[in-house]
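Just structure.cif here, mmCIF, C-alpha atoms (C1' of nucleotides):
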```
data_work
#
loop_
_atom_site.label_atom_id
_atom_site.label_comp_id
_atom_site.auth_asym_id
_atom_site.auth_seq_id
_atom_site.Cartn_x
_atom_site.Cartn_y
_atom_site.Cartn_z
CA MET L 503 -3.12 -8.18 -56.53
CA LYS L 504 -1.30 -4.93 -55.97
CA ILE L 505 -1.32 -2.07 -58.51
CA ALA L 506 1.24 0.71 -58.10
CA THR L 507 2.03 4.01 -59.80
CA TYR L 508 5.42 5.70 -59.70
CA ASN L 509 6.61 8.85 -61.46
CA ILE L 510 10.28 7.94 -61.68
CA ASN L 511 11.58 11.16 -63.32
CA GLY L 512 14.00 9.55 -65.77
CA ILE L 513 14.45 5.80 -66.14
CA LYS L 514 18.20 6.00 -66.84
CA ALA L 515 18.97 8.04 -63.74
CA ARG L 516 16.50 6.08 -61.61
CA LEU L 517 17.21 2.49 -62.67
CA PRO L 518 19.02 1.38 -59.48
CA ARG L 519 16.30 2.87 -57.24
CA LEU L 520 13.53 1.49 -59.44
CA LYS L 521 14.89 -2.07 -59.43
CA GLU L 522 15.37 -1.84 -55.69
CA TRP L 523 11.74 -0.77 -55.22
CA LEU L 524 10.43 -3.57 -57.47
CA ALA L 525 12.47 -6.20 -55.65
CA GLU L 526 11.48 -4.93 -52.20
CA THR L 527 7.76 -4.32 -52.73
CA ARG L 528 6.86 -6.63 -55.67
CA PRO L 529 3.82 -4.83 -57.11
CA SER L 530 1.75 -7.06 -59.42
CA VAL L 531 1.42 -4.12 -61.80
CA ALA L 532 3.74 -1.09 -61.81
CA CYS L 533 2.75 1.94 -63.89
CA LEU L 534 5.67 4.29 -64.51
CA GLN L 535 5.62 7.90 -65.68
CA GLU L 536 8.29 10.31 -66.92
CA ILE L 537 10.59 7.60 -68.19
CA LYS L 538 12.16 10.38 -70.33
CA SER L 539 13.52 7.83 -72.77
CA GLN L 540 12.94 6.92 -76.38
CA ASP L 541 11.47 3.48 -77.04
CA GLU L 542 14.85 1.99 -78.01
CA GLY L 543 16.44 3.16 -74.76
CA PHE L 544 13.96 1.35 -72.50
CA PRO L 545 15.87 -1.21 -70.36
CA ALA L 546 13.37 -4.07 -70.71
CA SER L 547 16.00 -6.76 -70.05
CA GLU L 548 16.75 -5.23 -66.63
CA PHE L 549 13.14 -5.85 -65.65
CA GLU L 550 13.03 -9.32 -67.18
CA GLU L 551 15.85 -10.27 -64.82
CA LEU L 552 13.55 -9.31 -61.95
CA GLY L 553 10.65 -11.32 -63.38
CA TYR L 554 8.72 -8.40 -64.87
CA SER L 555 7.27 -8.04 -68.38
CA ALA L 556 6.77 -4.57 -69.78
CA ILE L 557 5.17 -2.44 -72.45
CA TRP L 558 6.19 1.18 -72.89
CA HIS L 559 5.52 4.36 -74.83
CA GLY L 560 8.67 6.45 -74.91
CA GLN L 561 9.57 9.96 -76.04
CA LYS L 562 12.89 11.77 -76.34
CA SER L 563 13.79 13.82 -73.24
CA PHE L 564 10.32 14.24 -71.78
CA ASN L 565 7.21 12.35 -70.69
CA GLY L 566 6.98 8.61 -71.48
CA VAL L 567 4.97 5.89 -69.70
CA ALA L 568 5.33 2.16 -69.09
CA ILE L 569 3.40 -0.75 -67.57
CA LEU L 570 5.29 -3.58 -65.85
CA THR L 571 3.71 -6.83 -64.66
CA ASP L 572 5.02 -9.51 -62.29
CA ASN L 573 5.35 -12.76 -64.25
CA ASN L 574 4.44 -14.78 -61.15
CA VAL L 575 1.06 -13.04 -60.87
CA ILE L 576 0.30 -12.14 -64.50
CA PRO L 577 1.85 -14.93 -66.60
CA ASP L 578 1.07 -13.47 -70.04
CA GLY L 579 2.26 -9.92 -69.30
CA PRO L 580 0.41 -6.72 -70.16
CA MET L 581 -1.78 -6.93 -73.29
CA GLU L 582 -1.83 -3.50 -74.87
CA ILE L 583 -5.26 -2.00 -75.59
CA GLN L 584 -4.45 1.61 -76.54
CA ARG L 585 -1.64 4.16 -76.54
CA GLY L 586 -2.34 7.86 -76.70
CA LEU L 587 -5.60 9.79 -76.52
CA GLY L 588 -5.35 11.33 -79.98
CA ILE L 589 -4.47 14.87 -78.96
CA GLY L 590 -1.57 17.00 -80.18
CA GLY L 591 0.86 18.82 -77.89
CA PRO L 592 0.58 22.45 -76.73
CA LYS L 593 2.71 23.87 -79.55
CA GLU L 594 1.16 24.59 -82.94
CA GLY L 595 1.39 21.51 -85.13
CA GLU L 596 3.07 19.40 -82.44
CA GLY L 597 2.41 15.66 -82.52
CA GLU L 598 1.06 13.64 -79.65
CA GLN L 599 3.15 13.40 -76.47
CA SER L 600 3.67 10.02 -74.76
CA ARG L 601 1.36 10.24 -71.77
CA TYR L 602 -1.21 7.44 -72.06
CA LEU L 603 -0.90 3.66 -72.09
CA GLU L 604 -3.74 1.20 -71.54
CA ALA L 605 -3.51 -2.57 -71.11
CA ASP L 606 -5.37 -5.65 -69.92
CA VAL L 607 -3.70 -7.82 -67.28
CA THR L 608 -4.90 -11.34 -66.53
CA THR L 609 -4.01 -13.17 -63.33
CA ALA L 610 -3.37 -16.91 -63.15
CA ASN L 611 -6.98 -17.55 -62.04
CA GLY L 612 -8.24 -15.95 -65.27
CA GLU L 613 -9.44 -12.58 -63.92
CA THR L 614 -8.77 -9.69 -66.29
CA THR L 615 -8.30 -6.10 -65.11
CA ARG L 616 -7.92 -3.04 -67.30
CA VAL L 617 -5.02 -0.84 -66.24
CA VAL L 618 -4.47 2.68 -67.57
CA CYS L 619 -1.17 4.50 -66.95
CA ILE L 620 -1.33 8.29 -67.36
CA TYR L 621 1.04 11.24 -67.13
CA LEU L 622 -1.32 14.19 -67.20
CA PRO L 623 0.12 17.50 -68.48
CA ASN L 624 1.45 19.79 -65.75
CA GLY L 625 -0.19 22.89 -67.24
CA ASN L 626 2.21 25.58 -66.03
CA PRO L 627 2.59 28.41 -66.75
CA LEU L 628 -0.89 29.79 -66.86
CA PRO L 629 -2.72 31.25 -68.56
CA GLY L 630 -1.40 30.01 -71.89
CA PRO L 631 -1.24 27.11 -74.33
CA LYS L 632 0.19 24.66 -71.79
CA PHE L 633 -2.71 25.19 -69.42
CA ASP L 634 -5.22 24.97 -72.27
CA TYR L 635 -3.55 21.71 -73.32
CA LYS L 636 -3.91 20.32 -69.79
CA ILE L 637 -7.63 21.06 -69.69
CA ALA L 638 -8.18 19.67 -73.19
CA TRP L 639 -6.23 16.53 -72.26
CA MET L 640 -8.41 16.04 -69.18
CA ALA L 641 -11.53 16.27 -71.35
CA LYS L 642 -10.10 13.59 -73.67
CA LEU L 643 -9.28 11.44 -70.65
CA ARG L 644 -12.81 11.78 -69.30
CA THR L 645 -14.24 10.67 -72.64
CA ARG L 646 -11.97 7.61 -72.78
CA MET L 647 -12.73 6.71 -69.15
CA ALA L 648 -16.44 6.89 -69.93
CA GLN L 649 -15.91 4.47 -72.83
CA ILE L 650 -14.10 2.04 -70.54
CA TRP L 651 -16.83 2.45 -67.92
CA ALA L 652 -19.41 1.50 -70.56
CA GLU L 653 -17.45 -1.70 -71.26
CA GLU L 654 -18.09 -2.69 -67.62
CA VAL L 655 -14.60 -4.09 -67.16
CA PRO L 656 -12.86 -3.73 -63.79
CA CYS L 657 -10.44 -0.87 -64.32
CA ALA L 658 -7.81 1.18 -62.50
CA VAL L 659 -6.68 4.49 -64.01
CA VAL L 660 -3.45 5.37 -62.25
CA GLY L 661 -0.65 7.84 -62.60
CA ASP L 662 0.56 11.39 -62.13
CA TYR L 663 -2.64 13.43 -62.59
CA ASN L 664 -0.88 16.73 -61.81
CA VAL L 665 -3.98 17.77 -59.86
CA ILE L 666 -4.19 18.55 -56.12
CA PRO L 667 -7.84 17.59 -55.59
CA GLU L 668 -8.62 19.29 -52.25
CA ASP L 669 -7.11 21.91 -49.95
CA ASP L 670 -6.08 19.21 -47.46
CA ASP L 671 -4.07 17.46 -50.17
CA VAL L 672 -1.35 20.15 -49.96
CA TRP L 673 0.98 21.26 -47.16
CA ALA L 674 0.11 24.95 -47.70
CA VAL L 675 -2.69 26.17 -49.93
CA LYS L 676 -1.12 29.61 -50.22
CA ALA L 677 2.13 28.16 -51.59
CA MET L 678 0.36 26.49 -54.52
CA GLN L 679 -2.73 28.61 -55.13
CA ASP L 680 -1.48 30.13 -58.39
CA ASP L 681 -0.18 26.80 -59.73
CA ALA L 682 -1.88 24.85 -62.53
CA LEU L 683 -2.10 21.85 -60.19
CA MET L 684 -4.62 23.65 -58.00
CA GLN L 685 -6.65 25.81 -60.39
CA PRO L 686 -10.45 25.54 -60.14
CA GLN L 687 -10.56 24.30 -63.76
CA SER L 688 -8.06 21.51 -63.00
CA ARG L 689 -9.95 20.52 -59.86
CA ALA L 690 -13.31 20.63 -61.62
CA ALA L 691 -12.05 18.31 -64.36
CA TYR L 692 -10.76 15.86 -61.74
CA ALA L 693 -13.99 16.12 -59.72
CA SER L 694 -15.97 15.33 -62.87
CA LEU L 695 -14.24 11.93 -63.01
CA LEU L 696 -15.37 11.20 -59.45
CA ALA L 697 -18.85 12.48 -60.31
CA ASP L 698 -18.88 9.95 -63.15
CA GLY L 699 -18.52 7.26 -60.49
CA TRP L 700 -14.77 6.61 -60.24
CA THR L 701 -13.38 6.04 -56.74
CA ASP L 702 -10.26 7.88 -55.55
CA ALA L 703 -8.64 4.95 -53.71
CA VAL L 704 -6.18 6.91 -51.57
CA ARG L 705 -8.83 9.48 -50.57
CA THR L 706 -11.35 6.78 -49.70
CA LEU L 707 -9.04 5.17 -47.16
CA ASN L 708 -7.62 8.53 -45.96
CA PRO L 709 -10.72 10.79 -45.95
CA ARG L 710 -9.10 13.49 -43.82
CA GLY L 711 -6.35 14.20 -46.34
CA GLY L 712 -2.80 14.96 -45.29
CA VAL L 713 -1.28 12.31 -47.57
CA TRP L 714 1.52 13.48 -49.88
CA THR L 715 2.95 11.72 -52.95
CA TYR L 716 5.32 14.45 -54.22
CA TRP L 717 7.95 16.66 -52.61
CA ASP L 718 9.87 19.19 -54.72
CA TYR L 719 13.63 18.83 -55.00
CA GLN L 720 13.91 22.55 -54.23
CA ALA L 721 13.86 24.57 -51.01
CA GLY L 722 14.26 21.54 -48.74
CA ALA L 723 10.68 20.43 -49.42
CA TRP L 724 11.34 16.80 -48.44
CA GLN L 725 13.13 17.68 -45.21
CA ARG L 726 10.29 20.07 -44.24
CA ASP L 727 7.57 17.64 -45.43
CA HIS L 728 6.28 20.28 -47.83
CA GLY L 729 4.45 17.92 -50.14
CA PHE L 730 1.17 17.38 -51.88
CA ARG L 731 -0.93 14.61 -53.43
CA ILE L 732 -1.00 14.43 -57.25
CA ASP L 733 -0.47 10.71 -57.95
CA HIS L 734 -3.85 9.02 -57.92
CA ILE L 735 -5.54 5.64 -58.29
CA LEU L 736 -9.07 5.79 -59.70
CA LEU L 737 -11.24 2.68 -59.65
CA THR L 738 -14.43 1.31 -61.16
CA PRO L 739 -16.99 0.06 -58.59
CA GLU L 740 -16.02 -3.60 -58.81
CA LEU L 741 -12.38 -2.83 -57.99
CA ALA L 742 -13.39 -0.29 -55.34
CA ASP L 743 -15.41 -3.02 -53.60
CA ARG L 744 -12.34 -5.27 -53.58
CA LEU L 745 -10.00 -2.54 -52.29
CA GLN L 746 -8.10 -3.80 -49.25
CA ALA L 747 -5.33 -1.29 -48.58
CA VAL L 748 -3.55 1.72 -50.06
CA GLY L 749 -0.14 3.16 -49.33
CA VAL L 750 2.57 5.62 -50.24
CA ASP L 751 6.11 4.22 -50.16
CA ARG L 752 7.38 7.43 -48.56
CA GLU L 753 10.61 5.91 -47.41
CA HIS L 754 11.76 5.54 -51.03
CA ARG L 755 11.47 9.33 -51.49
CA GLY L 756 14.16 9.82 -48.86
CA ARG L 757 16.79 7.59 -50.48
CA GLU L 758 19.87 8.73 -52.38
CA LYS L 759 19.14 9.82 -55.97
CA ALA L 760 15.38 9.41 -55.40
CA SER L 761 12.60 10.61 -57.69
CA ASP L 762 10.68 13.67 -56.49
CA HIS L 763 7.58 11.42 -56.35
CA ALA L 764 6.97 8.45 -54.07
CA PRO L 765 5.31 5.23 -55.28
CA VAL L 766 1.57 4.92 -54.54
CA TRP L 767 -0.21 1.55 -54.46
CA ALA L 768 -3.53 -0.18 -53.84
CA SER L 769 -4.14 -3.85 -53.09
CA PHE L 770 -7.23 -5.89 -53.90
CA GLY L 771 -8.81 -9.07 -52.61
"C1'" DA A 732 12.60 38.81 -55.04
"C1'" DT A 733 11.06 35.03 -59.68
"C1'" DG A 734 15.03 32.06 -56.02
"C1'" DG A 735 15.96 26.85 -54.87
"C1'" DT A 736 17.25 21.31 -57.55
"C1'" DA A 737 17.09 17.60 -60.85
"C1'" DG A 738 17.11 15.17 -65.58
"C1'" DA A 739 18.08 14.99 -70.44
"C1'" DC A 740 20.64 17.38 -73.58
"C1'" DG A 741 24.43 19.47 -75.47
"C1'" DC A 742 21.19 25.29 -75.10
"C1'" DT A 743 17.79 25.48 -72.79
"C1'" DC A 744 13.50 23.19 -71.66
"C1'" DT A 745 10.54 20.93 -68.37
"C1'" DA A 746 9.00 20.27 -63.91
#
```
Could you show the structure in this file as structure tokens?
Amino acid sequence: MKIATYNINGIKARLPRLKEWLAETRPSVACLQEIKSQDEGFPASEFEELGYSAIWHGQKSFNGVAILTDNNVIPDGPMEIQRGLGIGGPKEGEGEQSRYLEADVTTANGETTRVVCIYLPNGNPLPGPKFDYKIAWMAKLRTRMAQIWAEEVPCAVVGDYNVIPEDDDVWAVKAMQDDALMQPQSRAAYASLLADGWTDAVRTLNPRGGVWTYWDYQAGAWQRDHGFRIDHILLTPELADRLQAVGVDREHRGREKASDHAPVWASFG
DNA sequence: ATGGTAGACGCTCTA
């Protein structure tokens, strides 16, 4: 089984690239972020044609997450467990943003895995309500992940965490040091998840760092390889023990009309 | 110095 995460930055603009990636790499589970579409605009039939079932949590203009499953590997599709973490947005009185979707997926041999797709708040600018919202959201996430942990189900929490965990996860520390993605509070909240026992799959198989998952559209970041690692795959011990390989589909970042993120995946035995 | 690009929207916001 292969679980992937991909911040696609707009499902309407990205649909040709996204379908191409699904057809070429065939992830068993694909967690998408920043679909930037309302529920009724989600192109489910496009994915059905490729043999994928989907659940999604949309929002107008911004955010939005989805979980796709390969019908050949997961015959019954994703079974939704929870959407949202029960936290309002950064503006006073704002309702919940679409950033969290949790499902069970069961393979043909009857093994069930919990998959959580997250789009963690960016947190810029700081200080201010957006950064406070990011930190509060991370606390809510930690609480939910602890609940899942207590259920003792094999689980992967994947997505755009908007956190650069270590200095060697960024092309230049100085370039990002004032950014919300690299603040001590952001890093501490991420580190607390690892301290709780979750395994950072990409880090585990690339302990020296230097792996990027995002390159800004601006200032020729892709051409200069000015990237950093913010898309993560966190695993419970049972899944960590079965981890076989991880990868970043870098080549897809270089294509025409690409997302500013590359897909990240992990495969399990 | 507050750039540069992209997406959704329809004016600016978000990243």
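Here the question is which of L:Val675, L:Met647, L:Ala760, L:Leu517 gets nearest to chain A using all atoms listed in the file, and that residue is L:Ala760.
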Edge lengths and centre in Å to one decimal, as JSON, is what I'm after for the box along x, y and z that holds all listed atoms of segment 734-744 of chain A once 6 Å is added on each side.
```
{"center_x": 19.0, "center_y": 23.5, "center_z": -65.2, "size_x": 22.9, "size_y": 29.1, "size_z": 32.6}
```
Distance limit 7 Å, atoms considered: all atoms listed in the file. Which chain L residues sit that close to chain A? Return them as a PyMOL selection string. chain L and resi 512+563+719-721
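Within 6 Å of segment 565-574 of chain L, once only C-alpha atoms (C1' of nucleotides) are used and residues closer than 3 positions along the same chain are dropped, the contacting residues are Ser530, Val531, Ala532, Cys533, Leu534, Gln535, Glu536, Ile537, Lys538, Gly553, Tyr554, Ser555, Ala556, Ile557, Trp558, His559, Gly560, Gln561, Pro577, Gly579, Ser600 and Arg601 of chain L.
Near (-0.3, 29.1, -56.2), the residues that fall inside 12 Å on the basis of only C-alpha atoms (C1' of nucleotides) are Asn626, Pro627, Leu628, Ile666, Asp669, Val672, Ala674, Val675, Lys676, Ala677, Met678, Gln679, Asp680, Asp681, Ala682, Leu683, Met684, Gln685 and Pro686 of chain L.
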- Where does the PyMOL selection byres ((chain L and resi 763) around 8) land in this file, that is, which residues does it pick, as a PyMOL selection string? chain L and resi 508-510+715-717+755+761-762+764-765
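You will find atom CA of Phe633 of chain L at 12.2 Å from atom CA of Val665 of chain L.
Applied to the shown file, the PyMOL selection byres ((chain L and resi 584) around 8) selects the residues Glu582, Ile583, Arg585, Gly586, Leu603, Glu604 and Ala605 of chain L.
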Spatial neighbours of Arg644 of chain L, max dist 9 Å, all atoms listed in the file, sep filter under 5 positions, as a compact mmCIF listing (two decimals) with C-alpha atoms, in the frame of the given file:
```
# COMPACT_ATOMS: atom_id res chain seq x y z
CA TRP L 639 -6.23 16.53 -72.26
CA GLN L 649 -15.91 4.47 -72.83
CA ALA L 691 -12.05 18.31 -64.36
CA TYR L 692 -10.76 15.86 -61.74
CA SER L 694 -15.97 15.33 -62.87
CA LEU L 695 -14.24 11.93 -63.01
CA ASP L 698 -18.88 9.95 -63.15
```
note - atom CA of Arg731 of chain L and atom CA of Thr507 of chain L are separated by 12.7 Å
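If you measure from each of L:Met503, L:Ala658, L:Ala546, L:Ile637 to Ala742 of chain L using only C-alpha atoms, the closest one turns out to be L:Ala658.
Going from atom CA of Arg516 of chain L to atom CA of Lys759 of chain L covers 7.3 Å.
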- Task: Can you turn the PyMOL selection byres ((chain L and resi 740) around 10) into a concrete residue list for this file, as JSON, numbers by chain?
- Result: {"L": [654, 655, 656, 657, 737, 738, 739, 741, 742, 743, 744, 745]}
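For the set L:Glu598, L:Asp541, L:Glu758, L:Asp733, the residue with the smallest atom-to-atom gap to Asp702 of chain L is L:Asp733, counting all atoms listed in the file.
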